[in-house]
Amino acid sequence: VFDDSFGTSEEKLFIKYINKTYEQLKKKYDEIYLIRNERSFKIYNFDDGKPLEPDFVLFLSKKETKETLHYQIFIEPKGSHLLKTDEWKESFLKRLKDEHFIEQLWDGNNYSIWGMPFYNEELRRAEFEEAFQKV
């Protein structure tokens, strides 16, 4: 647990965004964890196997009557100067929800993986918010 973020300005703005939406998330989910990925893991592009180390993972879970739903949401805040260069990353993240495969090993637990469009306060916030509302 950190008292401050030592990331980029976009990462700090993203953390503030999550902080503002936390109460809304609490109404829907039992557990909410935002984790900074400090090079702990990579995910690999479906097309060419290129690695991506998402900056953040938002873990959400909620208990339904007979099962617990777990969501892992990969998020990349991105400065405006990198939006074009890292376009392949955003494309891959957007495909995750529909194209991922998880072998469910335990009864009563259902897992889903999502990727979000880049978070960019100035140029992409509306697109990010629209996708985030679907969460």
# chains A, B, ... in the order shown; residues from 1 in each chain; ligands from 1

$ residues_around --residues "Leu83 of chain A" --least-positions-apart "5" --cutoff "9 Å" --atoms "only C-alpha atoms" --output "JSON, numbers by chain"
{"A": [78, 90, 118, 120]}

$ residues_around --residues "Asn45 of chain A" --least-positions-apart "3" --cutoff "12 Å" --atoms "only C-alpha atoms" --output "ChimeraX atom specification"
/A:42,48-54,88-96,99-100,115

$ closest_residue --among "A:Pro117, A:Glu38, A:Gly108, A:Val135" --to "Leu58 of chain A" --atoms "only C-alpha atoms"
A:Val135

$ atom_distance --atom1 "atom CA of Ser9 of chain A" --atom2 "atom CA of Tyr29 of chain A"
27.9 Å

$ closest_atom_pairs --of "segment 70-135 of chain A" --to "segment 17-23 of chain A" --cutoff "12 Å" --atoms "only C-alpha atoms" --output "Markdown table"
| residue | atom | partner | partner_atom | distance |
| --- | --- | --- | --- | --- |
| A:Ile75 | CA | A:Ile18 | CA | 11.3 |
| A:Pro77 | CA | A:Tyr17 | CA | 11.1 |
| A:Tyr119 | CA | A:Tyr17 | CA | 9.8 |
| A:Asn120 | CA | A:Tyr17 | CA | 11.0 |
| A:Glu121 | CA | A:Tyr17 | CA | 9.4 |
| A:Arg125 | CA | A:Tyr17 | CA | 9.8 |
| A:Phe128 | CA | A:Tyr17 | CA | 10.7 |
| A:Glu129 | CA | A:Tyr17 | CA | 9.6 |
| A:Phe132 | CA | A:Thr21 | CA | 9.9 |
| A:Gln133 | CA | A:Thr21 | CA | 10.0 |
| A:Val135 | CA | A:Thr21 | CA | 11.6 |

$ write_last_selection --atoms "C-alpha atoms" --output "mmCIF file, in the first residue's frame"
data_model
loop_
_atom_site.group_PDB
_atom_site.id
_atom_site.type_symbol
_atom_site.label_atom_id
_atom_site.label_comp_id
_atom_site.auth_asym_id
_atom_site.auth_seq_id
_atom_site.Cartn_x
_atom_site.Cartn_y
_atom_site.Cartn_z
ATOM 1 C CA ILE A 75 -5.373 -0.696 -17.615
ATOM 2 C CA PRO A 77 -2.611 5.222 -18.545
ATOM 3 C CA TYR A 119 -6.537 6.261 -20.032
ATOM 4 C CA ASN A 120 -5.495 9.725 -21.178
ATOM 5 C CA GLU A 121 -7.003 12.641 -19.305
ATOM 6 C CA ARG A 125 -11.091 10.235 -20.977
ATOM 7 C CA PHE A 128 -12.250 5.345 -21.206
ATOM 8 C CA GLU A 129 -15.248 6.364 -19.080
ATOM 9 C CA PHE A 132 -15.382 1.716 -17.654
ATOM 10 C CA GLN A 133 -19.136 2.174 -17.129
ATOM 11 C CA VAL A 135 -17.563 -2.733 -15.870
#

$ atom_distance --atom1 "atom CA of Asp47 of chain A" --atom2 "atom CA of Leu123 of chain A"
27.1 Å

$ select_by_dssp --residues "segment 46-126 of chain A" --states "helix (DSSP H, G or I)" --output "NGL selection string"
:A and (80-82 or 87-99 or 125-126)

$ write_last_selection --atoms "all heavy atoms" --output "compact mmCIF listing (two decimals), in the first residue's frame"
# COMPACT_ATOMS: atom_id res chain seq x y z
N SER A 80 -0.02 11.50 -24.04
CA SER A 80 -0.45 11.80 -25.42
C SER A 80 0.63 11.48 -26.44
O SER A 80 0.32 11.04 -27.55
CB SER A 80 -0.84 13.28 -25.53
OG SER A 80 -1.90 13.56 -24.64
N HIS A 81 1.89 11.68 -26.07
CA HIS A 81 2.98 11.45 -27.01
C HIS A 81 3.18 9.96 -27.33
O HIS A 81 3.87 9.62 -28.29
CB HIS A 81 4.27 12.06 -26.46
CG HIS A 81 4.75 11.41 -25.19
ND1 HIS A 81 4.08 11.55 -23.99
CD2 HIS A 81 5.81 10.61 -24.95
CE1 HIS A 81 4.72 10.87 -23.05
NE2 HIS A 81 5.76 10.28 -23.61
N LEU A 82 2.57 9.05 -26.56
CA LEU A 82 2.73 7.61 -26.78
C LEU A 82 1.48 6.94 -27.36
O LEU A 82 1.50 5.73 -27.62
CB LEU A 82 3.10 6.93 -25.46
CG LEU A 82 4.46 7.31 -24.87
CD1 LEU A 82 4.63 6.73 -23.48
CD2 LEU A 82 5.58 6.85 -25.79
N GLU A 87 -0.16 2.03 -30.04
CA GLU A 87 -1.50 1.72 -30.52
C GLU A 87 -1.79 0.21 -30.50
O GLU A 87 -2.90 -0.23 -30.19
CB GLU A 87 -1.63 2.26 -31.95
CG GLU A 87 -3.00 2.44 -32.46
CD GLU A 87 -2.98 3.22 -33.78
OE1 GLU A 87 -2.12 2.96 -34.64
OE2 GLU A 87 -3.85 4.10 -33.92
N TRP A 88 -0.77 -0.61 -30.78
CA TRP A 88 -0.95 -2.07 -30.79
C TRP A 88 -1.35 -2.57 -29.41
O TRP A 88 -2.14 -3.52 -29.28
CB TRP A 88 0.30 -2.79 -31.29
CG TRP A 88 1.45 -2.77 -30.33
CD1 TRP A 88 2.44 -1.83 -30.26
CD2 TRP A 88 1.72 -3.72 -29.30
NE1 TRP A 88 3.31 -2.13 -29.24
CE2 TRP A 88 2.90 -3.29 -28.63
CE3 TRP A 88 1.09 -4.87 -28.86
CZ2 TRP A 88 3.45 -3.99 -27.56
CZ3 TRP A 88 1.65 -5.57 -27.79
CH2 TRP A 88 2.81 -5.13 -27.16
N LYS A 89 -0.83 -1.93 -28.35
CA LYS A 89 -1.16 -2.33 -26.98
C LYS A 89 -2.65 -2.09 -26.69
O LYS A 89 -3.33 -2.93 -26.12
CB LYS A 89 -0.31 -1.56 -25.96
CG LYS A 89 1.16 -1.90 -26.02
CD LYS A 89 1.94 -1.07 -25.01
CE LYS A 89 3.42 -1.35 -25.10
NZ LYS A 89 4.18 -0.55 -24.12
N GLU A 90 -3.11 -0.92 -27.09
CA GLU A 90 -4.52 -0.59 -26.86
C GLU A 90 -5.43 -1.55 -27.65
O GLU A 90 -6.44 -2.02 -27.13
CB GLU A 90 -4.81 0.85 -27.25
CG GLU A 90 -6.24 1.26 -26.97
CD GLU A 90 -6.49 2.72 -27.27
OE1 GLU A 90 -6.00 3.22 -28.31
OE2 GLU A 90 -7.17 3.37 -26.46
N SER A 91 -5.06 -1.83 -28.87
CA SER A 91 -5.84 -2.76 -29.68
C SER A 91 -5.92 -4.12 -29.00
O SER A 91 -7.00 -4.72 -28.93
CB SER A 91 -5.20 -2.88 -31.07
OG SER A 91 -5.87 -3.85 -31.83
N PHE A 92 -4.81 -4.62 -28.51
CA PHE A 92 -4.79 -5.90 -27.80
C PHE A 92 -5.65 -5.86 -26.54
O PHE A 92 -6.46 -6.76 -26.30
CB PHE A 92 -3.35 -6.28 -27.46
CG PHE A 92 -3.22 -7.46 -26.55
CD1 PHE A 92 -3.77 -8.69 -26.88
CD2 PHE A 92 -2.54 -7.34 -25.36
CE1 PHE A 92 -3.65 -9.78 -26.03
CE2 PHE A 92 -2.42 -8.42 -24.50
CZ PHE A 92 -2.97 -9.64 -24.84
N LEU A 93 -5.50 -4.81 -25.74
CA LEU A 93 -6.29 -4.69 -24.51
C LEU A 93 -7.79 -4.70 -24.81
O LEU A 93 -8.57 -5.34 -24.10
CB LEU A 93 -5.92 -3.42 -23.74
CG LEU A 93 -4.55 -3.44 -23.07
CD1 LEU A 93 -4.21 -2.04 -22.52
CD2 LEU A 93 -4.49 -4.47 -21.96
N LYS A 94 -8.20 -4.01 -25.86
CA LYS A 94 -9.62 -3.96 -26.21
C LYS A 94 -10.15 -5.33 -26.64
O LYS A 94 -11.33 -5.61 -26.51
CB LYS A 94 -9.85 -2.94 -27.33
CG LYS A 94 -9.72 -1.50 -26.88
CD LYS A 94 -9.94 -0.59 -28.10
CE LYS A 94 -9.92 0.86 -27.76
NZ LYS A 94 -10.13 1.70 -28.97
N ARG A 95 -9.28 -6.19 -27.17
CA ARG A 95 -9.70 -7.51 -27.63
C ARG A 95 -9.80 -8.53 -26.50
O ARG A 95 -10.42 -9.59 -26.67
CB ARG A 95 -8.69 -8.03 -28.66
CG ARG A 95 -8.71 -7.23 -29.94
CD ARG A 95 -7.57 -7.61 -30.87
NE ARG A 95 -7.57 -9.04 -31.19
CZ ARG A 95 -6.51 -9.66 -31.70
NH1 ARG A 95 -5.40 -8.99 -31.97
NH2 ARG A 95 -6.56 -10.95 -31.97
N LEU A 96 -9.18 -8.26 -25.37
CA LEU A 96 -9.11 -9.24 -24.28
C LEU A 96 -10.46 -9.79 -23.84
O LEU A 96 -10.62 -11.00 -23.68
CB LEU A 96 -8.40 -8.65 -23.06
CG LEU A 96 -6.89 -8.71 -23.05
CD1 LEU A 96 -6.36 -7.99 -21.82
CD2 LEU A 96 -6.39 -10.12 -23.12
N LYS A 97 -11.41 -8.94 -23.62
CA LYS A 97 -12.71 -9.38 -23.08
C LYS A 97 -13.36 -10.44 -23.96
O LYS A 97 -13.87 -11.44 -23.47
CB LYS A 97 -13.64 -8.19 -22.90
CG LYS A 97 -15.01 -8.58 -22.35
CD LYS A 97 -15.90 -7.38 -22.17
CE LYS A 97 -17.22 -7.80 -21.60
NZ LYS A 97 -18.34 -7.48 -22.43
N ASP A 98 -13.32 -10.21 -25.26
CA ASP A 98 -14.00 -11.12 -26.18
C ASP A 98 -13.17 -12.33 -26.59
O ASP A 98 -13.73 -13.36 -26.96
CB ASP A 98 -14.45 -10.36 -27.43
CG ASP A 98 -15.51 -9.31 -27.11
OD1 ASP A 98 -16.32 -9.55 -26.20
OD2 ASP A 98 -15.51 -8.26 -27.76
N GLU A 99 -11.85 -12.21 -26.54
CA GLU A 99 -11.02 -13.27 -27.10
C GLU A 99 -10.23 -14.08 -26.08
O GLU A 99 -9.56 -15.03 -26.46
CB GLU A 99 -10.06 -12.66 -28.13
CG GLU A 99 -10.79 -12.05 -29.32
CD GLU A 99 -9.86 -11.49 -30.37
OE1 GLU A 99 -8.77 -12.09 -30.58
OE2 GLU A 99 -10.20 -10.47 -30.97
N ARG A 125 -10.32 10.50 -22.20
CA ARG A 125 -11.09 10.24 -20.98
C ARG A 125 -12.53 9.79 -21.27
O ARG A 125 -13.04 8.88 -20.65
CB ARG A 125 -11.09 11.44 -20.06
CG ARG A 125 -11.85 11.13 -18.78
CD ARG A 125 -11.56 12.06 -17.69
NE ARG A 125 -12.44 11.75 -16.57
CZ ARG A 125 -12.35 12.29 -15.41
NH1 ARG A 125 -11.40 13.17 -15.17
NH2 ARG A 125 -13.17 11.97 -14.45
N ALA A 126 -13.18 10.43 -22.23
CA ALA A 126 -14.58 10.08 -22.54
C ALA A 126 -14.68 8.63 -23.01
O ALA A 126 -15.57 7.89 -22.58
CB ALA A 126 -15.14 11.03 -23.59

$ select_by_dssp --residues "chain A" --states "strand (DSSP E)" --output "PyMOL selection string"
chain A and resi 31-36+43-44+51-52+56-63+68-75+109-115

$ closest_residue --among "A:Ile15, A:Gln72, A:Tyr44, A:Glu64" --to "Ser112 of chain A" --atoms "only C-alpha atoms"
A:Gln72

$ residues_around --residues "Phe56 of chain A" --least-positions-apart "6" --cutoff "8 Å" --atoms "only C-alpha atoms" --output "number ranges by chain"
A: 34-37, 74-76
